[in-house]
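Colleague: Structure: structure.cif, mmCIF, C-alpha atoms and all ligand atoms.
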data_structure
#
loop_
_atom_site.label_atom_id
_atom_site.label_comp_id
_atom_site.auth_asym_id
_atom_site.auth_seq_id
_atom_site.Cartn_x
_atom_site.Cartn_y
_atom_site.Cartn_z
CA MET A 1 16.22 85.28 -63.22
CA ILE A 2 16.84 88.74 -64.66
CA THR A 3 14.41 91.04 -66.43
CA SER A 4 14.44 94.64 -67.52
CA HIS A 5 11.64 97.08 -68.31
CA ASN A 6 11.79 100.26 -70.37
CA LEU A 7 15.49 100.87 -69.79
CA LYS A 8 16.68 104.26 -71.01
CA PHE A 9 20.16 105.67 -70.67
CA SER A 10 22.01 108.65 -72.09
CA TYR A 11 25.66 109.64 -72.10
CA SER A 12 24.73 113.04 -73.59
CA ALA A 13 21.90 114.77 -75.43
CA GLN A 14 23.21 113.23 -78.67
CA LYS A 15 23.88 109.77 -77.27
CA LYS A 16 20.61 108.34 -75.98
CA PHE A 17 19.58 104.71 -75.75
CA GLN A 18 16.23 103.04 -75.31
CA PHE A 19 16.63 99.30 -74.91
CA PRO A 20 14.19 96.48 -75.65
CA ASP A 21 12.96 94.64 -72.54
CA ILE A 22 14.89 91.51 -71.79
CA SER A 23 14.02 88.45 -69.76
CA CYS A 24 16.18 85.45 -68.91
CA GLY A 25 14.97 82.83 -66.45
CA ASP A 26 16.98 80.51 -64.20
CA ARG A 27 18.90 77.95 -66.30
CA GLU A 28 17.98 79.91 -69.44
CA THR A 29 20.30 81.60 -71.88
CA LEU A 30 19.90 84.81 -73.86
CA LEU A 31 22.03 86.24 -76.64
CA ILE A 32 21.96 90.01 -77.24
CA LEU A 33 23.37 90.79 -80.65
CA GLY A 34 24.26 94.16 -82.09
CA GLN A 35 26.74 95.94 -84.29
CA SER A 36 29.53 98.02 -82.78
CA GLY A 37 28.20 101.17 -81.09
CA LYS A 38 24.63 99.87 -80.69
CA GLY A 39 24.97 99.99 -76.92
CA LYS A 40 25.64 96.35 -76.04
CA THR A 41 28.16 97.12 -73.30
CA THR A 42 25.94 99.92 -72.04
CA LEU A 43 23.01 97.51 -71.73
CA LEU A 44 25.18 94.89 -70.04
CA HIS A 45 26.43 97.47 -67.56
CA LEU A 46 22.84 98.50 -66.81
CA LEU A 47 21.92 94.83 -66.23
CA ALA A 48 25.06 94.46 -64.07
CA LEU A 49 23.97 97.48 -61.98
CA LEU A 50 27.19 99.26 -62.91
CA LEU A 51 25.21 102.06 -64.56
CA GLN A 52 21.98 103.60 -63.28
CA PRO A 53 19.22 103.90 -65.89
CA GLU A 54 17.63 107.26 -66.59
CA SER A 55 14.30 105.45 -66.39
CA GLY A 56 13.08 101.88 -66.27
CA GLU A 57 14.27 99.13 -63.98
CA VAL A 58 16.22 95.91 -63.65
CA ILE A 59 14.70 93.06 -61.64
CA ILE A 60 16.93 90.29 -60.32
CA GLY A 61 15.45 87.22 -58.66
CA GLY A 62 12.10 89.03 -58.38
CA ARG A 63 13.62 92.06 -56.64
CA SER A 64 13.54 95.47 -58.29
CA ILE A 65 16.88 97.26 -58.08
CA LYS A 66 15.43 100.71 -57.66
CA HIS A 67 15.76 103.20 -54.86
CA LEU A 68 18.67 101.34 -53.27
CA SER A 69 21.88 102.90 -51.98
CA HIS A 70 25.19 102.44 -53.82
CA GLU A 71 26.36 100.14 -51.02
CA GLN A 72 23.27 97.93 -51.30
CA ILE A 73 23.62 97.78 -55.08
CA ALA A 74 27.33 96.89 -54.84
CA LEU A 75 26.57 94.05 -52.46
CA ILE A 76 23.70 92.70 -54.60
CA ARG A 77 26.02 92.82 -57.61
CA ALA A 78 28.83 91.03 -55.81
CA LYS A 79 26.57 88.33 -54.37
CA THR A 80 24.17 87.64 -57.23
CA ILE A 81 25.84 88.62 -60.50
CA GLY A 82 28.89 87.11 -62.16
CA ILE A 83 30.36 89.42 -64.79
CA VAL A 84 32.71 88.34 -67.56
CA TYR A 85 34.05 91.69 -68.78
CA GLN A 86 35.13 92.48 -72.34
CA ARG A 87 38.62 93.04 -70.86
CA ALA A 88 39.38 90.98 -67.78
CA HIS A 89 40.47 93.70 -65.28
CA PHE A 90 42.57 91.51 -63.02
CA VAL A 91 44.58 92.90 -60.11
CA SER A 92 48.04 92.44 -61.61
CA ALA A 93 49.86 92.23 -58.27
CA LEU A 94 47.75 89.23 -57.20
CA SER A 95 48.00 85.59 -58.27
CA VAL A 96 45.30 83.89 -60.30
CA ILE A 97 43.78 82.26 -57.21
CA ASP A 98 43.84 85.50 -55.22
CA ASN A 99 42.06 87.29 -58.08
CA MET A 100 39.37 84.61 -57.84
CA LEU A 101 39.15 84.85 -54.04
CA LEU A 102 38.69 88.61 -54.34
CA SER A 103 35.15 87.86 -55.57
CA ASN A 104 34.37 86.23 -52.21
CA PHE A 105 35.78 89.23 -50.38
CA LEU A 106 33.67 91.70 -52.38
CA ALA A 107 30.55 89.63 -51.65
CA GLU A 108 31.45 89.64 -47.93
CA LYS A 109 31.84 85.85 -47.98
CA ASP A 110 34.55 83.62 -46.56
CA GLN A 111 37.32 82.83 -49.03
CA ASP A 112 36.44 79.53 -50.69
CA ARG A 113 39.75 78.03 -51.86
CA LYS A 114 38.13 74.67 -52.51
CA ARG A 115 35.71 76.24 -54.96
CA ALA A 116 38.54 78.15 -56.68
CA ILE A 117 40.54 74.95 -57.12
CA TYR A 118 37.44 73.03 -58.28
CA LEU A 119 36.67 75.69 -60.90
CA ALA A 120 40.31 75.86 -62.02
CA ASN A 121 40.22 72.11 -62.59
CA GLU A 122 36.86 72.31 -64.39
CA LEU A 123 38.08 75.11 -66.63
CA GLY A 124 41.54 73.66 -67.17
CA PHE A 125 43.94 76.15 -65.59
CA ALA A 126 44.73 74.50 -62.23
CA GLU A 127 48.47 74.50 -62.95
CA HIS A 128 48.41 78.31 -63.25
CA LEU A 129 46.72 79.15 -59.93
CA SER A 130 49.81 80.57 -58.26
CA LYS A 131 51.01 82.55 -61.31
CA LYS A 132 50.33 86.21 -61.97
CA THR A 133 47.48 86.69 -64.44
CA SER A 134 49.82 88.49 -66.86
CA GLN A 135 51.76 85.23 -67.28
CA LEU A 136 48.71 83.53 -68.81
CA SER A 137 47.68 83.45 -72.46
CA GLN A 138 44.59 85.37 -73.53
CA GLY A 139 42.53 82.18 -73.72
CA GLU A 140 43.66 81.15 -70.23
CA GLN A 141 42.85 84.61 -68.88
CA GLN A 142 39.40 84.31 -70.44
CA ARG A 143 38.81 81.05 -68.57
CA VAL A 144 40.04 82.61 -65.29
CA SER A 145 37.65 85.47 -65.92
CA ILE A 146 34.76 83.00 -66.30
CA ALA A 147 35.82 81.11 -63.17
CA ARG A 148 36.02 84.35 -61.21
CA ALA A 149 32.46 85.16 -62.30
CA LEU A 150 31.32 81.78 -60.93
CA MET A 151 33.02 82.03 -57.52
CA ASN A 152 29.90 83.13 -55.60
CA ASP A 153 27.41 80.84 -57.38
CA PRO A 154 25.65 83.85 -58.93
CA ASN A 155 22.00 83.87 -59.97
CA VAL A 156 22.92 85.70 -63.14
CA ILE A 157 25.99 85.51 -65.39
CA LEU A 158 26.57 88.43 -67.75
CA ALA A 159 29.25 88.08 -70.42
CA ASP A 160 30.45 90.93 -72.62
CA GLU A 161 31.92 89.79 -75.97
CA PRO A 162 33.41 86.64 -74.40
CA THR A 163 34.46 85.17 -77.76
CA SER A 164 35.22 88.04 -80.11
CA SER A 165 39.01 87.67 -79.95
CA LEU A 166 39.07 83.86 -79.96
CA ASP A 167 39.56 81.39 -82.80
CA ASP A 168 36.73 79.00 -83.70
CA LEU A 169 37.92 76.20 -81.43
CA ASN A 170 38.33 78.42 -78.36
CA CYS A 171 35.10 80.25 -79.18
CA GLN A 172 33.24 76.93 -78.99
CA ARG A 173 35.08 75.97 -75.78
CA VAL A 174 34.24 79.24 -74.03
CA ILE A 175 30.57 79.07 -75.00
CA ASP A 176 30.33 75.44 -73.90
CA LEU A 177 31.97 76.38 -70.58
CA LEU A 178 29.63 79.30 -70.00
CA LYS A 179 26.59 77.16 -70.79
CA THR A 180 27.57 74.13 -68.74
CA GLN A 181 28.78 76.13 -65.75
CA SER A 182 25.72 78.40 -65.66
CA ALA A 183 23.43 75.37 -66.02
CA SER A 184 25.22 73.55 -63.21
CA ILE A 185 24.58 76.39 -60.75
CA GLY A 186 21.09 77.14 -62.15
CA ALA A 187 21.98 80.67 -63.24
CA SER A 188 20.61 82.83 -66.05
CA LEU A 189 23.25 83.37 -68.76
CA VAL A 190 23.14 86.59 -70.80
CA VAL A 191 25.78 87.13 -73.49
CA VAL A 192 26.16 90.37 -75.46
CA THR A 193 28.18 90.22 -78.66
CA HIS A 194 28.59 91.13 -82.29
CA ASP A 195 30.10 87.68 -82.91
CA GLN A 196 27.80 86.13 -85.52
CA ARG A 197 29.22 82.67 -84.76
CA LEU A 198 27.13 82.61 -81.58
CA LYS A 199 23.80 82.96 -83.41
CA SER A 200 23.44 79.22 -83.82
CA GLU A 201 24.34 78.59 -80.15
CA PHE A 202 21.41 80.38 -78.50
CA SER A 203 17.72 79.90 -79.14
CA ASN A 204 16.66 83.08 -77.31
CA GLN A 205 17.99 86.20 -79.00
CA VAL A 206 17.46 89.96 -78.87
CA ILE A 207 18.88 92.21 -81.57
CA LEU A 208 19.82 95.80 -80.77
N1 LIG B 1 31.38 106.74 -71.04
C1 LIG B 1 30.89 107.13 -72.22
N2 LIG B 1 30.70 108.43 -72.49
C2 LIG B 1 30.18 108.83 -73.67
N3 LIG B 1 29.81 108.00 -74.66
C3 LIG B 1 29.98 106.70 -74.45
C4 LIG B 1 30.54 106.19 -73.22
N4 LIG B 1 30.57 104.85 -73.29
C5 LIG B 1 30.09 104.52 -74.51
N5 LIG B 1 29.74 105.62 -75.20
C6 LIG B 1 29.19 105.67 -76.55
O1 LIG B 1 27.95 104.98 -76.55
C7 LIG B 1 27.85 104.17 -77.72
C8 LIG B 1 27.59 102.73 -77.30
O2 LIG B 1 28.75 102.23 -76.66
P1 LIG B 1 28.80 100.70 -76.19
O3 LIG B 1 30.19 100.44 -75.72
O4 LIG B 1 27.68 100.41 -75.28
O5 LIG B 1 28.52 99.97 -77.59
P2 LIG B 1 28.80 98.48 -78.05
O6 LIG B 1 27.61 98.07 -78.86
O7 LIG B 1 29.15 97.63 -76.88
O8 LIG B 1 30.05 98.67 -78.98
P3 LIG B 1 31.33 97.70 -79.29
O9 LIG B 1 30.77 96.47 -79.94
O10 LIG B 1 32.16 98.53 -80.23
O11 LIG B 1 32.02 97.44 -77.96
C9 LIG B 1 29.14 104.36 -78.51
O12 LIG B 1 28.88 105.28 -79.55
C10 LIG B 1 30.10 104.94 -77.52
O13 LIG B 1 31.00 105.83 -78.11
#
Let me see whether you can do it: turn the structure in this file into C-alpha cells.
Modeller:
Amino acid sequence: MITSHNLKFSYSAQKKFQFPDISCGDRETLLILGQSGKGKTTLLHLLALLLQPESGEVIIGGRSIKHLSHEQIALIRAKTIGIVYQRAHFVSALSVIDNMLLSNFLAEKDQDRKRAIYLANELGFAEHLSKKTSQLSQGEQQRVSIARALMNDPNVILADEPTSSLDDLNCQRVIDLLKTQSASIGASLVVVTHDQRLKSEFSNQVIL
C-alpha cells in the first residue's frame, strides 16, 4: 500500500508543485492523469523516493519515509518498489537477464535466475534473455522493463507513461501485463500518464 500526504516540491521559485493526496492499497490500481508539464513524472519520482519532498510525506506499507538516510531510502526503494521508467535505463553492456538480476543485487538479495526466467516466459521474451537490451524492439524492451520491476516482488509498482509510445494492441498488452502481474504478487499499481486510452482501464483516477 502506498499513500501520500500534502506533497510539495519545487524545482525553482517559478516551478512549484502541490500534489493531491494519493492512496493505493494492496492489489489496487490507480491512474494519475495529467497533461504534459503538470508534474506527473515529478510526482512519480516523489512516490518512488527518488526525489525528496519539500514538505509532506510518502507512506509505504504503513511506514513513513521521513527522516531516513539516503542509504535506508535506497534500500527501501530497491526492496519494496518496482519502477517502470518512461525510458528504460538499461545497462547496455549487460544482457537482458543480467539487467534483471541487477534488481536483486540492488536490493541486497541473492540473484534469482529462476524468477527472471519465469518472468521472461510470462512476459514473452524468454528467447532474448542472453541478448543485449539494445538488440530488442521497443515493445520487447518495455516488457523487460516491467519484468525487471517485478524481480523483487515489490509491494508497489510505479509506471511512468508505460504506453505512450505503443500502438493500441501493445498498449492493451502492456496494461494487461501490469495489472495481472501486480495482482499476482499483491502489489499496488500506480500508473502516471497523459494517454487517454487508459481512462477506461482504471476505476480509481486522480487528475493533475
Ligand atoms: N530537473 C528539473 N529542473 C527544473 N525543472 C524541471 C526539472 N524536471 C522537470 N522540470 C519541470 O517541471 C515541470 C513538470 O515536469 P514533469 O516531467 O514532472 O511533467 P510531466 O507531467 O511528467 O510532463 P511530460 O508528460 O511532458 O513528461 C516541467 O515544466 C518541467 O520542465
Colleague: With all atoms listed in the file as the basis for distance, which of A:Asn6, A:Ser12, A:Thr29, A:Gln18 is at the shortest distance from ligand LIG 1 (chain B)?
Modeller: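 Checking each of A:Asn6, A:Ser12, A:Thr29, A:Gln18 against ligand LIG 1 (chain B), counting all atoms listed in the file, the winner is A:Ser12.
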Colleague: If we count only C-alpha atoms and set the cut-off at 12 Å, which residues sit around segment 108-111 of chain A, ignoring sequence neighbours fewer than 3 positions away in its own chain? Please answer as a ChimeraX atom specification.
Modeller: /A:74-80,97-105,114-117,151-153
Colleague: Please identify all protein, DNA and RNA residues within 10 Å of ligand LIG 1 (chain B), counting only C-alpha atoms and all ligand atoms, and report them as a PyMOL selection string.
Modeller: chain A and resi 9-12+14-17+32-46+86+160-161+164+192-195+208
Colleague: Quick one: residues within 10 Å of Pro162 of chain A, only C-alpha atoms counted, chain neighbours fewer than 3 positions away excluded, as a PyMOL selection string?
Modeller: chain A and resi 84-88+142-143+145-146+158-159+165-166+171+174-175+178+191-193+195
Colleague: From the options A:Gln52, A:Ser4, A:Ser130, A:Thr180, which residue's atoms come nearest to His67 of chain A, counting all atoms listed in the file?
Modeller: A:Gln52
Colleague: Suppose you want the space between atom CA of Gly61 of chain A and atom CA of Asn155 of chain A; what is it in Å?
Modeller: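 Taking atom CA of Gly61 of chain A and atom CA of Asn155 of chain A, their separation equals 7.5 Å.
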Colleague: Please build the interface table for segment 104-147 of chain A against segment 90-94 of chain A with a cut-off of 10 Å, listing for each qualifying residue the nearest atom pair and the distance in Å to one decimal; count all atoms listed in the file, order rows by chain and increasing number, and write it as CSV.
Modeller:
residue,atom,partner,partner_atom,distance
A:Ser130,CA,A:Leu94,CA,9.0
A:Lys131,CA,A:Leu94,CA,8.5
A:Lys132,CA,A:Leu94,CA,6.2
A:Thr133,CA,A:Ser92,CA,6.4
A:Ser134,CA,A:Ser92,CA,6.8
A:Gln135,CA,A:Ser92,CA,9.9
A:Gln141,CA,A:Phe90,CA,9.1
A:Val144,CA,A:Phe90,CA,9.5
A:Ser145,CA,A:Phe90,CA,8.3
Colleague: Figure out the distance between atom CA of Ile60 of chain A and atom CA of Gln196 of chain A, please, to one decimal in Å.
Modeller: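 Going from atom CA of Gln196 of chain A over to atom CA of Ile60 of chain A, I get 27.8 Å.
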Colleague: Figure out the distance between atom CA of Leu51 of chain A and atom CA of Ser69 of chain A, please, to one decimal in Å.
Modeller: 13.0 Å
